[in-house]
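Reproduced below: data02.cif, with mmCIF, C-alpha atoms and all ligand atoms.
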data_upload
loop_
_atom_site.label_atom_id
_atom_site.label_comp_id
_atom_site.auth_asym_id
_atom_site.auth_seq_id
_atom_site.Cartn_x
_atom_site.Cartn_y
_atom_site.Cartn_z
CA MET A 1 22.74 -16.62 20.28
CA SER A 2 21.04 -14.03 18.06
CA GLU A 3 22.68 -12.53 14.94
CA PRO A 4 24.86 -9.43 15.42
CA LEU A 5 22.98 -6.18 14.82
CA LEU A 6 25.18 -4.72 12.07
CA PHE A 7 23.14 -3.75 9.10
CA ASN A 8 22.90 -1.37 6.18
CA LEU A 9 19.91 0.95 5.77
CA TRP A 10 19.82 0.13 2.05
CA ASP A 11 19.58 -3.61 2.72
CA LYS A 12 16.53 -4.86 0.82
CA ASP A 13 15.57 -7.56 3.33
CA PHE A 14 15.62 -4.94 6.07
CA GLN A 15 13.45 -2.57 4.02
CA GLN A 16 11.02 -5.32 3.12
CA ASP A 17 10.32 -5.91 6.82
CA PRO A 18 12.24 -3.61 9.16
CA TYR A 19 10.08 -4.37 12.21
CA PRO A 20 11.97 -7.35 13.71
CA THR A 21 15.15 -5.24 13.50
CA PHE A 22 13.41 -2.27 15.11
CA ALA A 23 12.23 -4.50 17.98
CA ARG A 24 15.82 -5.64 18.59
CA LEU A 25 17.12 -2.07 18.38
CA HIS A 26 14.56 -0.87 20.94
CA ALA A 27 15.68 -3.57 23.36
CA GLU A 28 19.39 -4.01 22.64
CA ALA A 29 20.77 -0.93 20.89
CA PRO A 30 18.66 2.22 21.11
CA VAL A 31 21.68 4.18 19.86
CA LEU A 32 23.53 2.36 17.07
CA ARG A 33 26.48 3.48 14.95
CA LEU A 34 26.11 2.33 11.34
CA GLU A 35 28.85 2.17 8.74
CA GLN A 36 26.69 2.32 5.62
CA PRO A 37 25.65 5.10 5.70
CA ASP A 38 27.96 6.56 8.34
CA VAL A 39 25.30 7.68 10.83
CA TRP A 40 23.95 7.18 14.32
CA LEU A 41 20.52 5.59 14.45
CA LEU A 42 17.88 6.46 17.08
CA THR A 43 14.83 4.23 17.32
CA ARG A 44 13.14 4.80 20.69
CA HIS A 45 10.15 7.13 20.68
CA ALA A 46 11.46 9.26 23.56
CA ASP A 47 14.88 9.76 21.90
CA VAL A 48 13.48 10.53 18.44
CA ALA A 49 10.89 12.96 19.87
CA ARG A 50 13.52 14.73 22.00
CA ALA A 51 15.84 15.10 19.00
CA LEU A 52 13.05 16.53 16.85
CA ARG A 53 12.20 19.07 19.54
CA THR A 54 15.83 20.17 20.09
CA PRO A 55 16.73 21.77 16.75
CA THR A 56 19.58 23.84 18.21
CA VAL A 57 21.47 20.56 18.82
CA TYR A 58 19.95 18.38 16.07
CA SER A 59 20.29 20.74 13.10
CA SER A 60 18.44 20.56 9.75
CA ALA A 61 20.69 23.14 8.07
CA GLN A 62 22.51 20.51 5.96
CA GLY A 63 19.30 18.80 4.92
CA VAL A 64 17.50 15.72 6.16
CA ALA A 65 19.17 13.21 3.79
CA TYR A 66 21.80 10.81 5.12
CA ARG A 67 24.53 12.48 3.04
CA PRO A 68 25.05 16.07 4.27
CA GLY A 69 24.00 18.65 1.67
CA ALA A 70 21.82 16.25 -0.38
CA GLY A 71 18.58 17.68 0.99
CA GLY A 72 18.19 20.83 -1.13
CA SER A 73 17.75 24.37 0.09
CA SER A 74 14.09 24.61 1.15
CA MET A 75 12.61 25.19 4.62
CA VAL A 76 13.03 21.52 5.55
CA ALA A 77 16.78 22.05 5.18
CA ALA A 78 16.98 25.19 7.33
CA ASP A 79 17.25 26.12 11.01
CA ASP A 80 15.89 29.24 12.65
CA PRO A 81 15.79 32.11 11.91
CA ALA A 82 15.62 31.19 8.17
CA HIS A 83 13.24 28.32 8.86
CA LYS A 84 10.90 30.34 11.07
CA ARG A 85 10.70 33.14 8.49
CA LEU A 86 9.76 30.85 5.59
CA ARG A 87 7.40 28.76 7.67
CA SER A 88 5.54 31.80 9.02
CA ILE A 89 4.97 33.13 5.48
CA LEU A 90 3.67 29.83 4.13
CA SER A 91 1.95 28.20 7.09
CA LYS A 92 -1.30 30.16 6.62
CA GLU A 93 -1.76 28.27 3.34
CA PHE A 94 -1.94 24.96 5.22
CA THR A 95 -4.06 25.62 8.32
CA PRO A 96 -7.09 23.38 8.97
CA GLY A 97 -9.30 26.32 7.89
CA THR A 98 -7.51 26.86 4.55
CA VAL A 99 -7.53 23.14 3.89
CA LYS A 100 -11.26 22.99 4.63
CA SER A 101 -11.88 25.53 1.89
CA LEU A 102 -10.10 23.15 -0.52
CA GLY A 103 -12.52 20.36 0.33
CA ALA A 104 -14.55 20.62 -2.87
CA ARG A 105 -11.41 20.47 -5.04
CA ILE A 106 -10.12 17.44 -3.17
CA ASP A 107 -13.51 15.69 -3.44
CA GLU A 108 -13.55 16.37 -7.19
CA VAL A 109 -10.15 14.71 -7.66
CA VAL A 110 -11.31 11.75 -5.56
CA HIS A 111 -14.59 11.39 -7.53
CA GLN A 112 -12.73 11.36 -10.84
CA LEU A 113 -10.26 8.72 -9.71
CA VAL A 114 -12.89 6.56 -8.01
CA ALA A 115 -14.87 6.61 -11.28
CA GLN A 116 -11.77 5.34 -13.10
CA VAL A 117 -11.34 2.60 -10.51
CA ALA A 118 -15.02 1.60 -10.74
CA ALA A 119 -14.72 1.38 -14.53
CA THR A 120 -12.14 -1.43 -14.19
CA ARG A 121 -14.74 -3.82 -12.73
CA ALA A 122 -15.40 -5.19 -16.21
CA ASP A 123 -11.67 -5.95 -16.66
CA GLY A 124 -11.54 -7.92 -13.42
CA GLY A 125 -8.72 -5.97 -11.79
CA PHE A 126 -6.38 -2.98 -11.66
CA ASP A 127 -3.24 -1.74 -9.95
CA PHE A 128 -4.32 0.53 -7.09
CA ALA A 129 -0.82 2.01 -6.69
CA THR A 130 -0.64 3.41 -10.22
CA LEU A 131 -4.31 4.08 -10.93
CA PHE A 132 -5.20 5.81 -7.66
CA ALA A 133 -2.47 6.23 -5.03
CA GLU A 134 0.10 7.84 -7.34
CA GLN A 135 -2.42 10.10 -8.99
CA MET A 136 -4.38 11.65 -6.14
CA PRO A 137 -1.73 13.64 -4.25
CA THR A 138 -0.11 14.91 -7.47
CA ARG A 139 -3.44 16.22 -8.73
CA VAL A 140 -4.37 17.83 -5.42
CA ILE A 141 -1.01 19.58 -4.92
CA GLY A 142 -0.74 20.39 -8.64
CA ALA A 143 -4.18 22.05 -8.59
CA TYR A 144 -3.50 23.88 -5.32
CA LEU A 145 -0.17 25.25 -6.50
CA GLY A 146 -1.52 26.05 -9.95
CA ILE A 147 0.49 23.62 -12.08
CA ASP A 148 -1.37 23.05 -15.36
CA PRO A 149 -2.93 19.57 -15.57
CA GLU A 150 -0.87 18.63 -18.64
CA ARG A 151 2.28 18.94 -16.46
CA TRP A 152 1.01 16.78 -13.56
CA ALA A 153 2.65 13.62 -14.88
CA ASP A 154 5.95 15.52 -15.16
CA TYR A 155 5.45 16.91 -11.67
CA ARG A 156 5.15 13.37 -10.33
CA ARG A 157 8.18 12.24 -12.36
CA TRP A 158 10.34 15.11 -11.03
CA SER A 159 9.36 14.24 -7.48
CA GLU A 160 10.57 10.66 -8.11
CA VAL A 161 13.88 11.86 -9.56
CA PHE A 162 14.51 14.39 -6.78
CA ASN A 163 13.68 11.83 -4.13
CA SER A 164 15.98 9.24 -5.68
CA ALA A 165 18.82 11.74 -5.92
CA ALA A 166 18.63 12.45 -2.21
CA TRP A 167 18.24 8.89 -0.99
CA VAL A 168 19.45 6.14 -3.34
CA GLU A 169 22.96 4.80 -2.89
CA GLU A 170 24.20 5.99 -6.32
CA PRO A 171 22.07 8.78 -7.79
CA ASP A 172 22.01 9.38 -11.56
CA LEU A 173 23.19 13.00 -11.74
CA GLU A 174 22.41 13.42 -15.45
CA VAL A 175 18.77 12.46 -14.93
CA LEU A 176 18.67 14.76 -11.88
CA ASN A 177 20.05 17.76 -13.75
CA THR A 178 17.55 17.30 -16.59
CA ALA A 179 14.65 17.12 -14.10
CA ILE A 180 15.90 20.20 -12.22
CA GLY A 181 16.05 22.13 -15.52
CA GLU A 182 12.52 21.09 -16.49
CA ALA A 183 11.05 21.81 -13.06
CA VAL A 184 12.72 25.24 -12.73
CA GLN A 185 11.48 26.17 -16.19
CA CYS A 186 7.92 25.01 -15.41
CA PHE A 187 7.73 26.83 -12.05
CA GLY A 188 9.49 29.92 -13.48
CA THR A 189 7.06 30.15 -16.41
CA ALA A 190 4.09 29.76 -14.06
CA MET A 191 5.44 32.61 -11.90
CA LEU A 192 5.80 34.93 -14.92
CA GLU A 193 2.29 34.07 -16.12
CA ARG A 194 0.73 34.65 -12.69
CA ARG A 195 2.43 38.03 -12.43
CA GLN A 196 0.47 39.05 -15.56
CA HIS A 197 -2.70 37.08 -14.83
CA PRO A 198 -3.08 36.13 -11.17
CA ARG A 199 -5.37 33.19 -10.41
CA ASP A 200 -6.78 31.63 -7.25
CA ASP A 201 -3.74 29.47 -6.65
CA LEU A 202 -0.70 29.28 -4.37
CA ILE A 203 1.84 30.31 -7.02
CA SER A 204 -0.15 33.53 -7.61
CA ARG A 205 -0.23 34.27 -3.88
CA MET A 206 3.51 33.60 -3.52
CA VAL A 207 4.25 35.91 -6.48
CA THR A 208 2.16 38.62 -4.80
CA ALA A 209 4.10 38.08 -1.54
CA MET A 210 7.32 38.51 -3.53
CA ASP A 211 6.28 41.55 -5.57
CA GLU A 212 4.15 43.46 -3.08
CA GLN A 213 5.51 42.53 0.34
CA GLY A 214 9.04 41.49 -0.64
CA THR A 215 8.80 38.54 1.75
CA LEU A 216 9.81 35.78 -0.70
CA THR A 217 12.42 35.52 -3.47
CA GLU A 218 12.06 33.73 -6.81
CA ILE A 219 14.43 30.99 -5.67
CA GLU A 220 12.41 30.49 -2.48
CA ILE A 221 9.20 30.10 -4.49
CA ILE A 222 10.84 27.53 -6.77
CA ASP A 223 12.26 25.70 -3.73
CA PHE A 224 8.83 25.64 -2.11
CA CYS A 225 7.14 24.27 -5.27
CA SER A 226 9.79 21.52 -5.30
CA LEU A 227 9.43 20.81 -1.58
CA LEU A 228 5.66 20.40 -1.81
CA MET A 229 6.14 18.03 -4.72
CA LEU A 230 8.58 15.93 -2.69
CA ALA A 231 6.86 16.14 0.67
CA GLY A 232 3.30 15.59 -0.42
CA ASN A 233 3.51 12.91 -3.11
CA ALA A 234 5.21 9.71 -2.00
CA THR A 235 4.01 10.16 1.59
CA THR A 236 0.29 10.44 0.84
CA SER A 237 0.47 7.70 -1.82
CA SER A 238 2.08 5.41 0.74
CA VAL A 239 -0.77 5.84 3.22
CA LEU A 240 -3.35 5.09 0.51
CA ASN A 241 -1.52 1.95 -0.59
CA HIS A 242 -0.99 0.69 2.95
CA ALA A 243 -4.58 1.52 3.94
CA VAL A 244 -5.86 -0.77 1.18
CA LEU A 245 -3.46 -3.58 2.13
CA LEU A 246 -4.17 -3.31 5.85
CA LEU A 247 -7.95 -3.00 5.59
CA LEU A 248 -8.21 -5.95 3.22
CA ALA A 249 -6.06 -7.93 5.64
CA HIS A 250 -8.41 -6.94 8.52
CA PRO A 251 -11.90 -7.42 7.08
CA GLU A 252 -13.60 -6.98 10.47
CA GLN A 253 -12.10 -3.45 10.77
CA LEU A 254 -13.03 -2.71 7.14
CA ALA A 255 -16.63 -3.74 7.89
CA GLU A 256 -16.68 -1.47 10.94
CA LEU A 257 -15.47 1.48 8.89
CA ARG A 258 -18.11 0.76 6.32
CA ARG A 259 -20.80 0.80 9.01
CA ASP A 260 -19.42 3.86 10.78
CA SER A 261 -17.50 6.35 8.65
CA SER A 262 -16.80 8.54 11.71
CA LEU A 263 -13.98 6.03 12.46
CA ILE A 264 -12.12 6.93 9.24
CA PRO A 265 -9.93 9.71 10.76
CA ALA A 266 -8.73 7.27 13.46
CA ALA A 267 -8.02 4.64 10.80
CA VAL A 268 -5.90 7.14 8.84
CA GLU A 269 -3.78 7.90 11.93
CA GLU A 270 -3.31 4.20 12.67
CA VAL A 271 -2.13 3.49 9.11
CA ILE A 272 0.40 6.33 9.47
CA ARG A 273 1.59 4.94 12.82
CA PHE A 274 1.69 1.34 11.65
CA GLU A 275 3.45 1.90 8.29
CA SER A 276 5.04 5.35 8.66
CA PRO A 277 5.62 6.81 5.17
CA VAL A 278 8.68 8.74 6.37
CA GLN A 279 10.81 6.03 7.99
CA GLY A 280 13.81 8.09 8.95
CA PHE A 281 15.26 11.58 8.37
CA ALA A 282 18.64 12.93 9.42
CA ARG A 283 19.98 15.81 11.49
CA ARG A 284 23.60 17.00 12.06
CA LEU A 285 24.79 17.54 15.63
CA THR A 286 25.92 21.02 16.63
CA GLU A 287 27.51 19.74 19.87
CA ASP A 288 28.52 16.42 21.48
CA VAL A 289 25.59 14.42 22.87
CA GLU A 290 25.78 11.58 25.42
CA LEU A 291 22.99 9.04 25.03
CA HIS A 292 22.59 5.52 26.43
CA GLY A 293 26.34 5.23 27.04
CA HIS A 294 27.43 6.53 23.62
CA THR A 295 29.07 9.84 22.75
CA MET A 296 27.79 11.23 19.47
CA ARG A 297 30.19 13.96 18.31
CA SER A 298 29.43 17.44 17.01
CA GLY A 299 29.17 17.36 13.19
CA GLU A 300 28.08 13.72 13.05
CA THR A 301 24.82 12.62 11.43
CA VAL A 302 21.92 11.21 13.44
CA VAL A 303 19.03 9.43 11.73
CA MET A 304 15.78 9.50 13.66
CA MET A 305 13.68 6.49 12.74
CA PHE A 306 10.07 7.70 12.83
CA GLY A 307 8.96 4.24 11.66
CA ALA A 308 10.65 2.59 14.64
CA ALA A 309 9.48 5.20 17.16
CA ASN A 310 5.90 4.54 16.06
CA ARG A 311 6.40 0.85 16.90
CA ASP A 312 7.98 1.47 20.32
CA PRO A 313 6.31 -0.83 22.90
CA ALA A 314 7.10 1.75 25.61
CA VAL A 315 4.46 3.99 24.03
CA PHE A 316 2.16 1.70 22.02
CA ASP A 317 0.86 -1.58 23.47
CA ASN A 318 1.30 -4.48 21.04
CA PRO A 319 2.79 -2.09 18.48
CA GLY A 320 2.73 -4.74 15.72
CA THR A 321 -1.07 -5.04 15.91
CA PHE A 322 -3.08 -2.90 13.50
CA ASP A 323 -6.01 -1.49 15.46
CA ILE A 324 -8.10 1.46 14.32
CA HIS A 325 -9.38 1.86 17.90
CA ARG A 326 -5.99 2.42 19.51
CA ASN A 327 -4.93 5.77 20.93
CA THR A 328 -2.49 7.09 18.32
CA ARG A 329 -2.14 10.58 19.78
CA GLN A 330 1.59 10.15 20.36
CA HIS A 331 2.47 8.91 16.87
CA ILE A 332 5.15 10.99 15.20
CA GLY A 333 4.45 9.97 11.61
CA PHE A 334 4.13 13.67 10.76
CA GLY A 335 7.25 14.50 12.78
CA SER A 336 7.31 16.81 15.79
CA GLY A 337 8.89 20.12 16.83
CA PRO A 338 9.48 23.07 14.52
CA HIS A 339 9.59 21.00 11.31
CA VAL A 340 6.38 19.08 12.04
CA CYS A 341 4.66 18.37 8.72
CA LEU A 342 3.27 21.57 7.23
CA GLY A 343 0.91 19.58 5.02
CA SER A 344 -0.54 17.29 7.69
CA TRP A 345 -4.04 18.77 7.48
CA LEU A 346 -3.99 18.65 3.71
CA ALA A 347 -2.85 15.02 3.83
CA ARG A 348 -5.50 14.11 6.39
CA SER A 349 -8.21 15.78 4.35
CA GLU A 350 -7.13 13.95 1.16
CA LEU A 351 -6.87 10.60 2.92
CA ARG A 352 -10.21 10.87 4.72
CA SER A 353 -12.01 11.90 1.55
CA ALA A 354 -10.39 9.08 -0.47
CA LEU A 355 -11.13 6.38 2.12
CA ALA A 356 -14.74 7.52 2.51
CA GLU A 357 -15.28 6.78 -1.19
CA LEU A 358 -13.05 3.73 -1.50
CA ILE A 359 -14.22 1.79 1.56
CA PRO A 360 -17.67 0.91 0.12
CA LEU A 361 -15.88 -0.57 -2.95
CA MET A 362 -13.25 -2.46 -0.99
CA SER A 363 -15.56 -5.24 0.14
CA ASP A 364 -15.57 -6.34 -3.53
CA TRP A 365 -11.77 -6.41 -3.70
CA SER A 366 -9.12 -9.00 -3.00
CA ILE A 367 -5.36 -8.70 -3.22
CA ASP A 368 -2.82 -11.24 -4.28
CA ALA A 369 -0.38 -10.60 -1.43
CA ASP A 370 2.49 -12.30 -3.31
CA ALA A 371 2.12 -9.90 -6.23
CA VAL A 372 2.34 -6.76 -4.07
CA ARG A 373 5.67 -5.05 -4.72
CA ARG A 374 7.40 -2.83 -2.20
CA ARG A 375 9.71 0.06 -3.02
CA LEU A 376 13.17 -0.96 -1.81
CA ASP A 377 15.56 1.76 -2.97
CA LEU A 378 14.65 4.71 -0.71
CA PRO A 379 15.30 3.77 2.92
CA ALA A 380 13.85 7.08 4.15
CA PHE A 381 10.41 6.15 2.81
CA ARG A 382 8.07 3.17 3.05
CA ASP A 383 5.93 2.77 -0.04
CA LEU A 384 4.56 0.22 -2.47
CA ILE A 385 5.08 0.15 -6.22
CA SER A 386 2.30 -2.23 -7.10
CA VAL A 387 -0.94 -3.20 -5.30
CA PRO A 388 -2.80 -5.50 -7.71
CA VAL A 389 -6.51 -5.62 -6.84
CA ARG A 390 -8.99 -8.18 -8.19
CA TRP A 391 -12.73 -7.51 -8.29
CA THR A 392 -14.45 -10.43 -6.61
CA THR A 393 -17.97 -9.67 -7.89
C1 LIG A 401 0.58 11.26 5.14
C2 LIG A 401 1.29 12.12 4.46
C3 LIG A 401 2.49 12.83 5.01
C4 LIG A 401 3.41 12.42 5.94
C5 LIG A 401 3.45 11.10 6.69
C6 LIG A 401 4.37 13.50 6.10
C7 LIG A 401 5.44 13.46 6.97
C8 LIG A 401 6.28 14.53 7.22
C9 LIG A 401 7.34 14.53 8.19
C10 LIG A 401 7.73 13.33 9.07
C11 LIG A 401 7.91 15.76 8.18
C12 LIG A 401 9.02 16.25 9.12
C13 LIG A 401 10.35 16.43 8.46
C14 LIG A 401 11.46 16.76 9.44
O1 LIG A 401 11.27 16.73 10.65
O2 LIG A 401 12.57 17.00 8.98
C15 LIG A 401 7.23 16.55 7.18
C16 LIG A 401 7.54 17.84 6.84
C17 LIG A 401 6.91 18.55 5.83
N1 LIG A 401 5.81 18.14 5.10
FE1 LIG A 401 4.83 16.40 5.28
N2 LIG A 401 4.01 14.53 5.26
C18 LIG A 401 2.87 14.17 4.60
C19 LIG A 401 2.18 14.92 3.67
C20 LIG A 401 2.49 16.20 3.30
C21 LIG A 401 1.76 16.99 2.34
C22 LIG A 401 0.49 16.56 1.61
C23 LIG A 401 2.42 18.17 2.22
C24 LIG A 401 2.10 19.36 1.37
C25 LIG A 401 1.62 19.30 0.17
C26 LIG A 401 3.56 18.14 3.12
C27 LIG A 401 4.46 19.16 3.30
C28 LIG A 401 5.48 19.15 4.22
C29 LIG A 401 6.43 20.25 4.36
C30 LIG A 401 6.44 21.55 3.56
C31 LIG A 401 7.32 19.87 5.38
C32 LIG A 401 8.51 20.67 5.90
C33 LIG A 401 8.10 21.47 7.12
C34 LIG A 401 9.23 22.22 7.75
O3 LIG A 401 10.40 21.93 7.48
O4 LIG A 401 8.94 23.12 8.56
N3 LIG A 401 3.57 16.92 3.75
N4 LIG A 401 6.22 15.78 6.62
#

If you convert what's in this file into C-alpha cells, what do you get?
Ligand code: HEM
Amino acid sequence: MSEPLLFNLWDKDFQQDPYPTFARLHAEAPVLRLEQPDVWLLTRHADVARALRTPTVYSSAQGVAYRPGAGGSSMVAADDPAHKRLRSILSKEFTPGTVKSLGARIDEVVHQLVAQVAATRADGGFDFATLFAEQMPTRVIGAYLGIDPERWADYRRWSEVFNSAAWVEEPDLEVLNTAIGEAVQCFGTAMLERRQHPRDDLISRMVTAMDEQGTLTEIEIIDFCSLLMLAGNATTSSVLNHAVLLLLAHPEQLAELRRDSSLIPAAVEEVIRFESPVQGFARRLTEDVELHGHTMRSGETVVMMFGAANRDPAVFDNPGTFDIHRNTRQHIGFGSGPHVCLGSWLARSELRSALAELIPLMSDWSIDADAVRRRLDLPAFRDLISVPVRWTT
C-alpha cells in the first residue's frame, strides 16, 4: 500500500523533488486539504486554469501568499476594478513592442555578464547562479525602472527579504521592516529626482502619470517598484539556472540549439513548463465551491499549483520528459486570466538573449550535479542557490 498523502508545503524533501507527489495528487487527490498551511491544494491543469480565469470566485484581494494579507498591496493583490485600473495604466510599458525597444539594453547587460563568465575560464570554474542568473534580471529591471546601478545589489537583497517575509514559515520582521524602510526611501528619492529631472525610464513616466494625469499615487508607484522587483527577479533567475542544468543534462538538445538558434524560444517555454519558477500562488474563495466531491467554503484559501498543472499528463504527454520540441502552448508558467504575468515578454526577451550567448559556451561546461543546491525555504518558488560550473577545456 502506498504512503498516505498528507504533507506540508514547507517539507524540504517535497520541495527538492515535488514531482512524484504531484503525480499522485493528479491521480488520487486532485483537491487536497492541507493542515500546514491551512489551504486547499489544486494540481490538475483544468482546475488551476479555471480558478485563474474565475477571479470573482477565486479572489486575489488578500494577496497570493498562503497566509491572507501577507502579499502586499500591489496589483497582484487586487481584484477588479482596482486591478484593472492599475494594470491598464502600466501594461503599455510591457507590451511586446515596448520590450522590443529595450532589446539593446538587455543585450548590453547580457554581453557584460557573459564577458565576466568567459573570464573565469582561467580559474577553471564559477557559480552560474551567483555570477549570472542572479545578476541579469536585477540589472535589466533596475535599468528599466531607473534605479541607479550602485543600488542594484540592494534591490536584489530587498527582493529576497520581501519574498521571504511572504513565504517562509517564520519571517524575520525586523529584517523586513529595515528593508521596507530602505526600499521606500530609495524609490521615494528617485521619484523626487525624476520630478526635477525626468529621464527615459519607467519611474519618470510613472511620476508624469501621477503629476500630469493624476492616474497614479505615490504609494502605487512605490508598490509597483516593489512588485517588479519581486516578480521579475527570482522567476527569471530560476529559468536561467534550470536552463543550464537541463541543457547540460540533455547534450543532444543543447547541440541542436547550438546548430539552430531559432529553437531557443521553444526551449525557454519548455524550461518554464518543466521547472515552473512560480510553483503555487493562493486565492481566497468568495463563495462555496464544489470540486471533485469536496466543498471548499467561502473565505478559505486555495493554492493553485502551477508547477503541478504544467506536469499534468492529461495535457502534456510524458510530462516528466524535457523536450524542446514539445507543444507547450498550454503551459501556465506565466499564469492565466486577468493576472497573467505582466512581464512575460520582458522575461522571454531576457531569456532568449541570454541563452543565445550562453549556449555556444555551454559545450565547454560540466556540472557537478551533487554540488547543485536548491532553494528549499520558499514553497511558492522553484529556484537554485548554487550551480557550480567547471570549464572542461
Ligand atoms: C520567467 C519569468 C517569470 C515567470 C515564470 C513569471 C510568472 C508569473 C505568474 C505565474 C504570475 C501570475 C500571478 C497570479 O496569477 O497571481 C505573474 C504575475 C506578474 N508578473 Fe511575472 N513572471 C516572470 C517574470 C516577470 C518579469 C520579468 C516581470 C517584470 C519585471 C514580471 C511582472 C509580473 C507582474 C507585475 C505580475 C502581476 C500581474 C497582475 O497581477 O496583473 N514577471 N508572473

With 7 Å as the cut-off and only C-alpha atoms and all ligand atoms counted, what is the closest atom pair between each nearby residue of chain A and ligand LIG 401 (chain A)? Distances in Å to one decimal, ordered by chain and number, as a Markdown table.
| residue | atom | partner | partner_atom | distance |
| --- | --- | --- | --- | --- |
| A:Leu52 | CA | A:LIG401 | O1 | 6.5 |
| A:Ser60 | CA | A:LIG401 | O2 | 6.9 |
| A:Val64 | CA | A:LIG401 | O2 | 5.8 |
| A:Met75 | CA | A:LIG401 | O3 | 4.9 |
| A:Val76 | CA | A:LIG401 | O3 | 3.3 |
| A:Ala77 | CA | A:LIG401 | O3 | 6.8 |
| A:His83 | CA | A:LIG401 | O4 | 6.8 |
| A:Arg87 | CA | A:LIG401 | O4 | 5.9 |
| A:Pro137 | CA | A:LIG401 | C22 | 6.9 |
| A:Ile141 | CA | A:LIG401 | C25 | 5.7 |
| A:Leu227 | CA | A:LIG401 | C30 | 6.0 |
| A:Leu228 | CA | A:LIG401 | C25 | 4.6 |
| A:Met229 | CA | A:LIG401 | C25 | 6.8 |
| A:Ala231 | CA | A:LIG401 | C26 | 4.6 |
| A:Gly232 | CA | A:LIG401 | C21 | 3.5 |
| A:Asn233 | CA | A:LIG401 | C22 | 6.7 |
| A:Thr235 | CA | A:LIG401 | C2 | 4.4 |
| A:Thr236 | CA | A:LIG401 | C2 | 4.1 |
| A:Val239 | CA | A:LIG401 | C1 | 5.9 |
| A:Ile272 | CA | A:LIG401 | C5 | 6.3 |
| A:Ser276 | CA | A:LIG401 | C5 | 6.3 |
| A:Pro277 | CA | A:LIG401 | C5 | 5.0 |
| A:Val278 | CA | A:LIG401 | C10 | 5.4 |
| A:Phe281 | CA | A:LIG401 | O2 | 6.1 |
| A:Gly333 | CA | A:LIG401 | C5 | 5.1 |
| A:Phe334 | CA | A:LIG401 | C10 | 4.0 |
| A:Gly335 | CA | A:LIG401 | C10 | 3.9 |
| A:Ser336 | CA | A:LIG401 | O1 | 6.5 |
| A:Pro338 | CA | A:LIG401 | O4 | 6.0 |
| A:His339 | CA | A:LIG401 | O4 | 3.5 |
| A:Val340 | CA | A:LIG401 | C12 | 4.8 |
| A:Cys341 | CA | A:LIG401 | C16 | 3.5 |
| A:Leu342 | CA | A:LIG401 | C28 | 4.4 |
| A:Gly343 | CA | A:LIG401 | C23 | 3.5 |
| A:Ser344 | CA | A:LIG401 | C19 | 5.4 |
| A:Leu346 | CA | A:LIG401 | C22 | 5.4 |
| A:Ala347 | CA | A:LIG401 | C22 | 4.3 |
| A:Arg348 | CA | A:LIG401 | C1 | 6.8 |

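Between CA of Leu361 in chain A and CA of Leu384 in chain A the separation is 20.5 Å.
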
_Between CA of Gln36 in chain A and CA of Trp10 in chain A, what distance in Å does the model show, to one decimal?_
8.0 Å

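Taking CA of Leu202 in chain A and CA of Ile332 in chain A as the two end points, the separation is 27.4 Å.
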
*Hey, what's within 9 Å of Asp377 in chain A if we count all atoms listed in the file and toss same-chain stuff fewer than 3 positions away? As a ChimeraX atom specification, please?*
/A:10-12,15,164,167-169,381

*Residue with smallest distance to Asn327 in chain A - pool A:Ala267, A:Ala65, A:Met191, A:Leu42, counting all atoms listed in the file*: A:Ala267

Regenerate range 123-134 of chain A at the level of N, CA and C atoms and dump it as a compact mmCIF listing (two decimals), in the coordinates of the input.
# COMPACT_ATOMS: atom_id res chain seq x y z
N ASP A 123 -12.96 -5.30 -16.30
CA ASP A 123 -11.67 -5.95 -16.66
C ASP A 123 -11.25 -6.98 -15.62
N GLY A 124 -11.87 -6.94 -14.46
CA GLY A 124 -11.54 -7.92 -13.42
C GLY A 124 -10.51 -7.44 -12.42
N GLY A 125 -9.73 -6.41 -12.76
CA GLY A 125 -8.72 -5.97 -11.79
C GLY A 125 -8.00 -4.71 -12.23
N PHE A 126 -7.15 -4.20 -11.36
CA PHE A 126 -6.38 -2.98 -11.66
C PHE A 126 -5.27 -2.85 -10.62
N ASP A 127 -4.32 -1.98 -10.92
CA ASP A 127 -3.24 -1.74 -9.95
C ASP A 127 -3.56 -0.46 -9.18
N PHE A 128 -3.92 -0.63 -7.90
CA PHE A 128 -4.32 0.53 -7.09
C PHE A 128 -3.19 1.55 -6.98
N ALA A 129 -1.95 1.07 -6.90
CA ALA A 129 -0.82 2.01 -6.69
C ALA A 129 -0.72 3.00 -7.85
N THR A 130 -0.82 2.49 -9.08
CA THR A 130 -0.64 3.41 -10.22
C THR A 130 -1.92 4.13 -10.59
N LEU A 131 -3.06 3.45 -10.47
CA LEU A 131 -4.31 4.08 -10.93
C LEU A 131 -4.83 5.11 -9.93
N PHE A 132 -4.62 4.90 -8.65
CA PHE A 132 -5.20 5.81 -7.66
C PHE A 132 -4.13 6.49 -6.78
N ALA A 133 -3.34 5.66 -6.08
CA ALA A 133 -2.47 6.23 -5.03
C ALA A 133 -1.45 7.22 -5.58
N GLU A 134 -0.88 6.91 -6.77
CA GLU A 134 0.10 7.84 -7.34
C GLU A 134 -0.54 9.11 -7.83
